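Novice: Contents are CSV, C-alpha atoms and all ligand atoms; file name work-v1.csv:
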```
chain,number,residue,atom,x,y,z
H,799,MET,CA,197.6,104.8,116.8
H,800,ARG,CA,199.3,103.0,119.6
H,801,ILE,CA,203.0,103.9,120.1
H,802,THR,CA,205.7,102.6,122.4
H,803,LEU,CA,207.3,104.6,125.3
H,804,ASP,CA,210.5,105.2,123.2
H,805,GLN,CA,208.4,106.4,120.3
H,806,ALA,CA,206.5,108.8,122.6
H,807,ALA,CA,209.7,110.2,124.1
H,808,ALA,CA,211.2,110.7,120.5
H,809,LYS,CA,208.0,112.5,119.4
H,810,LEU,CA,208.0,114.7,122.4
H,811,ALA,CA,211.7,115.6,121.8
H,812,ILE,CA,210.9,116.9,118.4
H,813,GLY,CA,207.9,119.1,119.6
H,814,ASP,CA,205.1,116.6,118.8
H,815,VAL,CA,202.1,116.0,121.2
H,816,VAL,CA,201.1,112.5,122.3
H,817,ALA,CA,198.5,111.1,124.7
H,818,VAL,CA,199.8,109.5,127.9
H,819,PRO,CA,198.0,107.4,130.6
H,820,THR,CA,197.9,108.6,134.2
H,821,GLU,CA,196.0,107.2,137.2
H,822,THR,CA,193.3,109.9,136.9
H,823,VAL,CA,192.6,110.4,133.1
H,824,TYR,CA,194.7,110.4,129.9
H,825,GLY,CA,196.9,113.5,129.4
H,826,LEU,CA,197.8,115.3,126.2
H,827,ALA,CA,201.5,115.7,126.6
H,828,ALA,CA,203.9,118.2,125.2
H,829,SER,CA,207.4,119.4,126.3
H,830,VAL,CA,207.1,122.2,128.8
H,831,ASN,CA,209.8,124.3,127.0
H,832,SER,CA,208.5,124.0,123.5
H,833,PRO,CA,206.2,127.0,122.5
H,834,GLU,CA,205.2,125.2,119.3
H,835,ALA,CA,204.3,121.9,121.1
H,836,VAL,CA,202.3,123.8,123.7
H,837,LYS,CA,200.5,125.7,120.9
H,838,LYS,CA,199.6,122.3,119.4
H,839,VAL,CA,198.1,121.1,122.7
H,840,PHE,CA,195.7,124.1,122.7
H,841,GLN,CA,194.9,123.6,119.0
H,842,VAL,CA,194.3,119.8,119.2
H,843,LYS,CA,191.9,120.2,122.2
H,844,GLY,CA,190.3,123.4,121.0
H,845,ARG,CA,191.2,124.8,124.5
H,846,PRO,CA,190.8,128.5,125.3
H,847,SER,CA,194.2,130.1,125.7
H,848,ASN,CA,193.3,131.6,129.1
H,849,ASN,CA,193.1,128.1,130.6
H,850,PRO,CA,196.6,127.2,132.0
H,851,LEU,CA,198.2,123.7,131.9
H,852,ILE,CA,199.5,121.4,134.6
H,853,ILE,CA,203.3,120.7,134.6
H,854,HIS,CA,203.8,117.0,135.3
H,855,ILE,CA,207.1,115.9,136.8
H,856,SER,CA,208.5,112.6,138.1
H,857,GLU,CA,210.5,113.9,141.1
H,858,VAL,CA,209.7,116.8,143.5
H,859,GLU,CA,213.2,118.3,142.8
H,860,GLN,CA,212.1,119.0,139.2
H,861,ILE,CA,210.1,122.0,140.4
H,862,GLN,CA,213.3,123.9,141.6
H,863,PRO,CA,214.2,125.3,138.2
H,864,PHE,CA,210.9,127.2,138.2
H,865,HIS,CA,211.9,129.0,141.5
H,866,PRO,CA,208.7,128.2,143.3
H,867,LYS,CA,207.7,130.0,146.5
H,868,TYR,CA,205.9,127.8,149.0
H,869,ASP,CA,204.8,127.4,152.6
H,870,ALA,CA,206.4,124.6,154.7
H,871,SER,CA,203.2,122.6,154.4
H,872,PHE,CA,204.0,122.1,150.7
H,873,ALA,CA,206.6,119.5,151.6
H,874,LYS,CA,204.1,117.6,153.8
H,875,LEU,CA,201.5,117.5,151.0
H,876,ALA,CA,204.1,116.4,148.5
H,877,ALA,CA,205.4,113.7,150.8
H,878,ALA,CA,201.9,112.4,151.6
H,879,PHE,CA,200.3,112.5,148.2
H,880,TRP,CA,202.9,112.5,145.4
H,881,PRO,CA,203.0,110.5,143.2
H,882,GLY,CA,199.2,110.8,143.2
H,883,PRO,CA,196.0,112.7,142.2
H,884,LEU,CA,197.0,116.1,143.7
H,885,THR,CA,197.9,119.2,141.7
H,886,LEU,CA,199.5,122.1,143.6
H,887,VAL,CA,199.5,125.6,142.3
H,888,LEU,CA,202.6,127.6,143.3
H,889,PRO,CA,203.9,131.1,142.7
H,890,ILE,CA,206.9,130.8,140.3
H,891,ASP,CA,209.4,133.0,138.5
H,892,PRO,CA,207.3,133.8,135.4
H,893,HIS,CA,210.5,133.9,133.3
H,894,THR,CA,211.0,130.1,133.8
H,895,VAL,CA,207.6,129.0,132.5
H,896,LEU,CA,206.2,129.8,129.0
H,897,GLU,CA,203.4,132.4,129.2
H,898,SER,CA,201.2,130.0,127.2
H,899,VAL,CA,201.6,127.3,129.8
H,900,ARG,CA,200.6,129.5,132.7
H,901,ALA,CA,198.0,131.5,130.6
H,902,GLY,CA,199.7,134.7,131.7
H,903,LEU,CA,199.4,134.0,135.5
H,904,SER,CA,202.4,134.3,137.9
H,905,THR,CA,201.7,130.8,139.2
H,906,ALA,CA,202.1,127.3,137.8
H,907,ALA,CA,200.4,124.0,138.6
H,908,PHE,CA,202.5,120.9,139.4
H,909,ARG,CA,201.7,117.2,139.8
H,910,ILE,CA,203.6,113.8,140.0
H,911,PRO,CA,201.2,111.3,138.5
H,912,ASN,CA,201.0,107.8,140.0
H,913,HIS,CA,201.3,105.7,136.9
H,914,GLN,CA,204.3,103.6,136.0
H,915,VAL,CA,204.1,104.4,132.3
H,916,ALA,CA,203.8,108.2,132.9
H,917,LEU,CA,206.6,108.2,135.4
H,918,LYS,CA,208.9,106.2,133.1
H,919,LEU,CA,208.2,108.6,130.3
H,920,LEU,CA,208.7,111.7,132.4
H,921,SER,CA,212.0,110.4,133.7
H,922,LYS,CA,213.2,110.2,130.1
H,923,THR,CA,211.7,113.5,128.8
H,924,GLY,CA,211.7,115.8,131.9
H,925,PRO,CA,208.7,118.0,132.7
H,926,LEU,CA,205.6,117.7,130.4
H,927,VAL,CA,202.4,119.8,130.3
H,928,MET,CA,199.4,117.5,130.2
H,929,PRO,CA,195.8,118.7,130.1
H,930,SER,CA,193.2,116.0,130.0
H,931,ALA,CA,193.3,114.3,126.5
H,932,ASN,CA,189.8,115.2,125.3
H,933,LEU,CA,188.2,117.8,123.1
H,934,SER,CA,187.6,120.9,125.3
H,935,GLY,CA,184.2,120.6,127.0
H,936,LYS,CA,183.8,116.8,126.5
H,937,PRO,CA,184.3,114.1,129.2
H,938,SER,CA,187.9,113.3,129.8
H,939,SER,CA,189.4,110.1,128.3
H,940,THR,CA,189.9,107.2,130.6
H,941,SER,CA,191.2,104.8,127.9
H,942,ALA,CA,193.2,104.9,124.7
H,943,ASP,CA,190.0,104.3,122.7
H,944,HIS,CA,188.5,107.5,124.1
H,945,VAL,CA,191.5,109.5,123.0
H,946,GLU,CA,191.3,108.0,119.5
H,947,SER,CA,187.6,108.7,119.4
H,948,ASP,CA,188.3,112.4,120.1
H,949,PHE,CA,191.5,113.0,118.1
H,950,GLY,CA,191.2,110.4,115.4
H,951,MET,CA,192.6,106.8,114.9
H,952,GLY,CA,196.0,108.2,113.6
H,953,PHE,CA,196.6,110.2,116.8
H,954,PRO,CA,199.6,108.8,118.8
H,955,VAL,CA,198.6,107.2,122.1
H,956,LEU,CA,200.8,105.5,124.6
H,957,ASP,CA,198.3,102.8,125.8
H,958,GLY,CA,198.4,102.2,129.6
H,959,GLY,CA,195.0,100.5,129.9
H,960,SER,CA,192.0,102.0,131.7
H,961,CYS,CA,192.7,104.8,134.2
H,962,ARG,CA,192.4,103.6,137.8
H,963,CYS,CA,190.7,106.7,139.3
H,964,GLY,CA,188.6,107.9,136.3
H,965,VAL,CA,188.3,111.5,137.4
H,966,GLU,CA,190.9,114.3,137.5
H,967,SER,CA,193.3,115.3,140.2
H,968,THR,CA,192.3,117.7,143.1
H,969,VAL,CA,193.8,121.1,142.5
H,970,MET,CA,194.9,123.3,145.5
H,971,ILE,CA,196.4,126.7,146.0
H,972,PHE,CA,197.8,128.3,149.2
H,973,GLN,CA,196.0,131.5,150.1
H,974,ASP,CA,195.7,133.5,153.3
H,975,GLN,CA,197.8,130.9,155.2
H,976,GLN,CA,195.5,128.0,154.1
H,977,TRP,CA,195.4,125.5,151.2
H,978,VAL,CA,192.1,125.9,149.3
H,979,ILE,CA,190.6,123.4,146.8
H,980,ILE,CA,190.1,125.2,143.5
H,981,ARG,CA,189.0,122.1,141.5
H,982,GLN,CA,187.5,119.1,143.3
H,983,GLY,CA,188.9,115.8,142.3
H,984,VAL,CA,190.0,112.3,143.4
H,985,LEU,CA,191.2,113.5,146.8
H,986,THR,CA,188.4,114.8,149.1
H,987,PRO,CA,188.8,117.7,151.5
H,988,GLN,CA,188.7,115.2,154.5
H,989,ASP,CA,191.7,113.3,153.0
H,990,PHE,CA,193.9,116.3,153.8
H,991,HIS,CA,193.0,116.6,157.5
H,992,PRO,CA,195.6,114.1,158.8
H,993,VAL,CA,198.4,116.0,156.9
H,994,LEU,CA,197.3,119.6,157.3
H,995,GLY,CA,195.4,119.5,160.6
H,996,TYR,CA,192.4,121.2,158.9
H,997,VAL,CA,190.0,120.4,156.1
H,998,PRO,CA,190.7,122.7,153.2
H,999,ALA,CA,187.7,124.9,152.0
H,1000,ILE,CA,186.4,124.4,148.5
H,1001,ASP,CA,186.4,127.6,146.4
H,1002,SER,CA,183.1,127.8,144.5
H,1003,GLY,CA,184.7,129.0,141.3
H,1004,LYS,CA,181.6,131.1,140.8
H,1005,GLN,CA,183.5,134.4,140.7
H,1006,GLU,CA,183.7,136.3,137.4
H,1007,ARG,CA,187.4,135.3,137.3
H,1008,PRO,CA,187.8,132.0,139.2
H,1009,ILE,CA,191.1,131.2,140.8
H,1010,CYS,CA,191.1,128.0,138.7
H,1011,PRO,CA,190.4,129.4,135.2
H,1012,GLY,CA,189.1,126.0,134.0
H,1013,GLN,CA,186.0,126.5,136.3
H,1014,MET,CA,184.7,129.1,133.8
H,1015,TYR,CA,184.1,126.6,131.1
H,1016,ARG,CA,181.4,124.0,130.3
H,1017,HIS,CA,182.9,120.6,131.0
H,1018,TYR,CA,182.5,116.8,131.0
H,1019,ALA,CA,179.5,117.1,128.7
H,1020,PRO,CA,178.3,114.4,126.3
H,1021,LYS,CA,176.2,115.4,123.2
H,1022,ALA,CA,173.3,113.7,124.9
H,1023,LYS,CA,171.0,115.9,127.0
H,1024,LEU,CA,171.4,115.0,130.7
H,1025,ARG,CA,168.7,115.8,133.3
H,1026,LEU,CA,169.4,115.4,137.0
H,1027,ALA,CA,166.5,113.8,138.9
H,1028,THR,CA,165.3,112.0,142.0
H,1029,GLU,CA,162.1,110.5,140.5
H,1030,PHE,CA,161.8,108.3,137.4
H,1031,THR,CA,159.0,107.0,135.2
H,1032,GLN,CA,160.7,105.8,132.0
H,1033,GLY,CA,163.7,106.2,129.7
H,1034,ILE,CA,167.4,105.8,130.1
H,1035,VAL,CA,168.7,106.4,133.6
H,1036,LEU,CA,172.3,106.6,134.8
H,1037,GLY,CA,171.8,104.8,138.1
H,1038,PHE,CA,173.2,102.7,140.9
H,1039,THR,CA,173.1,98.9,141.5
H,1040,ASP,CA,171.9,99.3,145.1
H,1041,LEU,CA,168.8,101.5,144.2
H,1042,GLU,CA,165.4,100.5,142.8
H,1043,TYR,CA,164.0,101.7,139.5
H,1044,PRO,CA,160.6,101.3,137.7
H,1045,LYS,CA,160.7,98.5,135.1
H,1046,GLU,CA,160.0,101.0,132.3
H,1047,CYS,CA,163.4,102.5,132.8
H,1048,GLU,CA,166.6,101.2,131.1
H,1049,ILE,CA,169.4,101.6,133.6
H,1050,LEU,CA,173.0,102.2,132.7
H,1051,TYR,CA,174.8,101.4,136.0
H,1052,LEU,CA,177.5,103.7,137.2
H,1053,GLY,CA,178.2,101.3,140.1
H,1054,GLU,CA,177.3,100.8,143.7
H,1055,LEU,CA,176.8,103.8,146.0
H,1056,SER,CA,178.8,102.1,148.7
H,1057,HIS,CA,181.8,102.0,146.3
H,1058,PRO,CA,182.2,105.6,145.0
H,1059,GLU,CA,185.6,104.8,143.6
H,1060,THR,CA,184.0,102.4,141.1
H,1061,ILE,CA,181.4,105.1,140.2
H,1062,ALA,CA,184.3,107.5,139.5
H,1063,GLU,CA,186.1,104.9,137.4
H,1064,ASN,CA,182.9,104.4,135.3
H,1065,LEU,CA,181.7,108.0,135.1
H,1066,TYR,CA,183.3,109.3,131.9
H,1067,ARG,CA,183.1,105.9,130.1
H,1068,THR,CA,179.3,105.9,130.7
H,1069,LEU,CA,178.9,109.5,129.6
H,1070,ARG,CA,180.9,108.7,126.4
H,1071,TYR,CA,178.8,105.5,125.9
H,1072,LEU,CA,175.7,107.7,125.5
H,1073,ASP,CA,177.2,109.4,122.4
H,1074,GLU,CA,178.7,106.1,121.0
H,1075,LYS,CA,175.2,104.7,121.0
H,1076,GLY,CA,173.6,107.9,119.7
H,1077,ILE,CA,171.5,108.3,122.8
H,1078,LYS,CA,169.9,111.8,122.7
H,1079,GLU,CA,168.6,112.0,126.3
H,1080,ALA,CA,169.2,110.4,129.7
H,1081,VAL,CA,168.3,111.1,133.3
H,1082,VAL,CA,170.9,110.9,136.1
H,1083,ASP,CA,169.9,109.5,139.5
H,1084,MET,CA,170.9,112.1,142.1
H,1085,ARG,CA,169.5,110.2,145.1
H,1086,PHE,CA,172.8,110.1,147.0
H,1087,ASN,CA,174.5,112.1,149.7
H,1088,ASP,CA,177.1,114.3,148.1
H,1089,ALA,CA,179.9,113.7,150.7
H,1090,GLY,CA,183.5,112.7,150.0
H,1091,MET,CA,184.1,111.4,146.5
H,1092,MET,CA,180.4,111.6,145.7
H,1093,LYS,CA,180.7,115.4,146.0
H,1094,THR,CA,183.2,115.4,143.2
H,1095,ILE,CA,181.0,113.1,141.2
H,1096,ALA,CA,178.0,115.4,141.8
H,1097,GLU,CA,180.0,118.4,140.7
H,1098,ARG,CA,181.0,116.6,137.4
H,1099,LEU,CA,177.3,115.6,136.8
H,1100,TRP,CA,176.1,119.2,137.4
H,1101,LYS,CA,178.6,120.5,134.8
H,1102,ALA,CA,177.8,117.7,132.4
H,1103,ALA,CA,174.1,118.5,132.6
H,1104,SER,CA,174.5,122.3,132.5
H,1201,LIG,O1,194.2,114.6,136.7
H,1201,LIG,C1,194.6,115.6,136.1
H,1201,LIG,O2,194.8,116.7,136.7
H,1201,LIG,C2,194.7,115.5,134.6
H,1201,LIG,C3,195.9,114.5,134.3
H,1201,LIG,C4,196.2,114.3,132.8
H,1201,LIG,O3,197.0,114.8,135.1
H,1201,LIG,N1,195.0,116.8,134.0
H,1201,LIG,C5,194.0,117.7,133.9
H,1201,LIG,O4,194.4,118.8,133.2
H,1201,LIG,O5,192.9,117.5,134.4
H,1201,LIG,P1,193.3,119.9,132.7
H,1201,LIG,O6,194.2,120.9,131.9
H,1201,LIG,O7,192.2,119.3,132.0
H,1201,LIG,O8,192.9,120.6,134.0
H,1201,LIG,C6,193.8,121.4,134.7
H,1201,LIG,C7,193.0,122.4,135.6
H,1201,LIG,C8,192.3,123.5,134.8
H,1201,LIG,O9,191.0,123.7,135.3
H,1201,LIG,C9,193.2,124.7,134.9
H,1201,LIG,O10,192.5,125.9,134.8
H,1201,LIG,C10,193.8,124.5,136.3
H,1201,LIG,O11,194.0,123.1,136.4
H,1201,LIG,N2,195.1,125.2,136.4
H,1201,LIG,C11,196.3,124.9,135.8
H,1201,LIG,N3,197.2,125.8,136.1
H,1201,LIG,C12,196.7,126.7,137.0
H,1201,LIG,C13,197.2,127.8,137.7
H,1201,LIG,N4,198.4,128.3,137.6
H,1201,LIG,N5,196.3,128.4,138.6
H,1201,LIG,C14,195.0,127.9,138.8
H,1201,LIG,N6,194.5,126.9,138.1
H,1201,LIG,C15,195.3,126.2,137.2
H,1202,MG,MG,190.3,118.8,131.4
```
Can you present the structure in this file as structure tokens?
Specialist:
Amino acid sequence: MRITLDQAAAKLAIGDVVAVPTETVYGLAASVNSPEAVKKVFQVKGRPSNNPLIIHISEVEQIQPFHPKYDASFAKLAAAFWPGPLTLVLPIDPHTVLESVRAGLSTAAFRIPNHQVALKLLSKTGPLVMPSANLSGKPSSTSADHVESDFGMGFPVLDGGSCRCGVESTVMIFQDQQWVIIRQGVLTPQDFHPVLGYVPAIDSGKQERPICPGQMYRHYAPKAKLRLATEFTQGIVLGFTDLEYPKECEILYLGELSHPETIAENLYRTLRYLDEKGIKEAVVDMRFNDAGMMKTIAERLWKAAS
């Protein structure tokens, strides 16, 4: 059910949850201070309670009430990338953030989304938690239709069109005097070099307790069985317009390898399309260099196929 910005603000004020567009993917929004609303977010998504939520704000100053501790480089990152697809995890005063939001950690994640509708809403409501608006484990939603397909036609969605980026924000934390990427996303490690003077490392997330709790879970997966491959004989292939395929294959094009941004934009829509069409099995073409944005895409494909 499509709602207006004023209706969304009114629902959030009474502790309801609504879906909100951002430049990355749609978010499932709730007021950061409402324990009941935050509980609904976890219930609606079927999200494990040990996976914390990102606090979305419209101005950097809005993090002050959480008493964050940060290195001087935080201001440089915020100035360079906010509003934008970057989430920064900071130590905070735990009394200022609901335990359910931070999943019991003594840190909280913050982001200013770069989407006019989200910013306008946030400036009316104040800070909102917003995990991706999808059933836990499924591909994120990049359109209002995707949200309705997961949560039902009656679910309130603020429609802001298709998401420009199509994959989630990059999540970073400051550890041992360096920023470390704990979830790959729209911004690549190289994007940070001009601002930080170094390329942040990517944490593998393979520890028993990953720094980014979300890394523990299966993600981005359609019902269809995906197989990653570099050779093809027949069947449905998720492929690229600049590569060749045998004529026995039916190709669902993700985009052109020379335009990774378009591939990112199409990724979840294509994974969701498999389920819409009842396709049981597909092969993904992995004949690409996993550098820059294609590294993020490769990571999503590995998770979707695992
Ligand atoms: O692009 C995005 O980031 C989207 C849009 C809606 O903003 N949101 C999003 O939220 O992807 P979600 O909840 O699907 O993913 C947030 C990730 C999870 O993997 C979670 O574990 C991690 O951020 N995270 C949140 N708070 C954290 C914290 N305090 N420490 C470490 N990781 C944290
Ligand atoms: Mg998510």
Novice: Calculate how many Å separate CA of Leu851 in chain H from CA of Ala878 in chain H, rounding to one decimal.
Specialist: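 Going from CA of Leu851 in chain H over to CA of Ala878 in chain H, I get 23.0 Å.
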Novice: Return the single residue from H:Ala1027, H:Val997, H:Ala901, H:Val1082 that is closest to ligand LIG 1201 (chain H), with distances computed using all atoms listed in the file.
Specialist: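 Result for the nearest residue to ligand LIG 1201 (chain H): H:Ala901.
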Novice: Using all atoms listed in the file, find the one residue out of H:Gln988, H:Thr940, H:Ser871, H:Thr1068 that sits nearest to ligand MG 1202 (chain H).
Specialist: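 Among H:Gln988, H:Thr940, H:Ser871, H:Thr1068, it is H:Thr940 that comes nearest to ligand MG 1202 (chain H).
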Novice: Go through H:Asp1001, H:Gln862, H:Gln975, H:Glu857 one by one, measure the shortest atom-to-atom distance of each to ligand LIG 1201 (chain H) using all atoms listed in the file, and give the residue with the smallest value.
Specialist: H:Asp1001
Novice: So the first atom is CA of Leu1026 in chain H and the second is CA of Gln982 in chain H; what is the distance between them in Å, to one decimal place?
Specialist: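 Distance between the two atoms: 19.5 Å.
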Novice: Just want the residues within 9 Å of ligand MG 1202 (chain H), written as a ChimeraX atom specification, counting only C-alpha atoms and all ligand atoms.
Specialist: /H:823,825,929-938,966,1012,1017-1018
Novice: So which residues are near ligand LIG 1201 (chain H), meaning at most 7 Å away with all atoms listed in the file counted, given back as a PyMOL selection string?
Specialist: chain H and resi 820+822-826+849-852+883+885+887+900+903+905-907+911+928-931+965-969+981+1009-1013
Novice: For Ala1080 in chain H, work out the shell of residues within 8 Å, counting only C-alpha atoms and skipping chain neighbours fewer than 4 positions away, then give it as an MDAnalysis selection string.
Specialist: chainID H and resid 1022:1025 1033:1036
Novice: State, in Å with one decimal place, the distance from CA of Gly1037 in chain H to CA of Gly1053 in chain H.
Specialist: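 Answer for the CA of Gly1037 in chain H to CA of Gly1053 in chain H separation: 7.6 Å.
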Novice: Would you tabulate, counting only C-alpha atoms, all residues of range 850-926 of chain H that have an atom at most 8 Å from an atom of range 828-835 of chain H, showing the closest pair of atoms and their distance in Å to one decimal, sorted by chain then ascending number, as CSV?
Specialist:
```
residue,atom,partner,partner_atom,distance
H:Ile853,CA,H:Val830,CA,7.1
H:Val895,CA,H:Asn831,CA,7.6
H:Leu896,CA,H:Asn831,CA,6.9
H:Ser898,CA,H:Pro833,CA,7.5
H:Val899,CA,H:Val830,CA,7.6
H:Thr923,CA,H:Ser829,CA,7.7
H:Gly924,CA,H:Ser829,CA,7.9
H:Pro925,CA,H:Val830,CA,6.0
H:Leu926,CA,H:Ser829,CA,4.8
```
Novice: Using only C-alpha atoms, which of H:Lys1078, H:Leu994, H:Gly1090, H:Asp891 sits nearest Ala870 in chain H?
Specialist: H:Leu994
Novice: In terms of the shortest atom-to-atom distance over all atoms listed in the file, which of H:Asp974, H:Glu897, H:Asp989, H:Asp1040 is closest to Asn848 in chain H?
Specialist: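 That would be H:Glu897, the residue with the smallest distance to Asn848 in chain H.
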Novice: Which one is closest to Phe972 in chain H: H:Lys874, H:Pro863, H:Pro889, H:Thr1031? Count all atoms listed in the file.
Specialist: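 Among the listed residues, the smallest separation from Phe972 in chain H belongs to H:Pro889.
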Novice: Excluding Phe1086 in chain H and residues on its chain fewer than 4 positions from it, collect all residues at most 10 Å away from it, counting all atoms listed in the file, and give them as an MDAnalysis selection string.
Specialist: chainID H and resid 1028 1038 1041 1055 1092:1093 1096
Novice: Which residues are close to Lys1021 in chain H, i.e. within 10 Å by only C-alpha atoms, leaving aside same-chain residues fewer than 4 positions away? Reply as an MDAnalysis selection string.
Specialist: chainID H and resid 936 1069:1070 1072:1074 1076:1079 1102
Novice: Using all atoms listed in the file, determine which residues lie at most 10 Å from Ala876 in chain H, disregarding the query and same-chain residues fewer than 4 positions distant; provide the list as a ChimeraX atom specification.
Specialist: /H:858,871-872,880-882,884-886,909-910
Novice: Write the residues of the selection above to a file with C-alpha atoms, as a tab-separated table (two decimals), in the coordinates of the input.
Specialist:
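As written to disk, part_5.tsv reads:
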```tsv
chain	number	residue	atom	x	y	z
H	858	VAL	CA	209.70	116.80	143.50
H	871	SER	CA	203.20	122.60	154.40
H	872	PHE	CA	204.00	122.10	150.70
H	880	TRP	CA	202.90	112.50	145.40
H	881	PRO	CA	203.00	110.50	143.20
H	882	GLY	CA	199.20	110.80	143.20
H	884	LEU	CA	197.00	116.10	143.70
H	885	THR	CA	197.90	119.20	141.70
H	886	LEU	CA	199.50	122.10	143.60
H	909	ARG	CA	201.70	117.20	139.80
H	910	ILE	CA	203.60	113.80	140.00
```
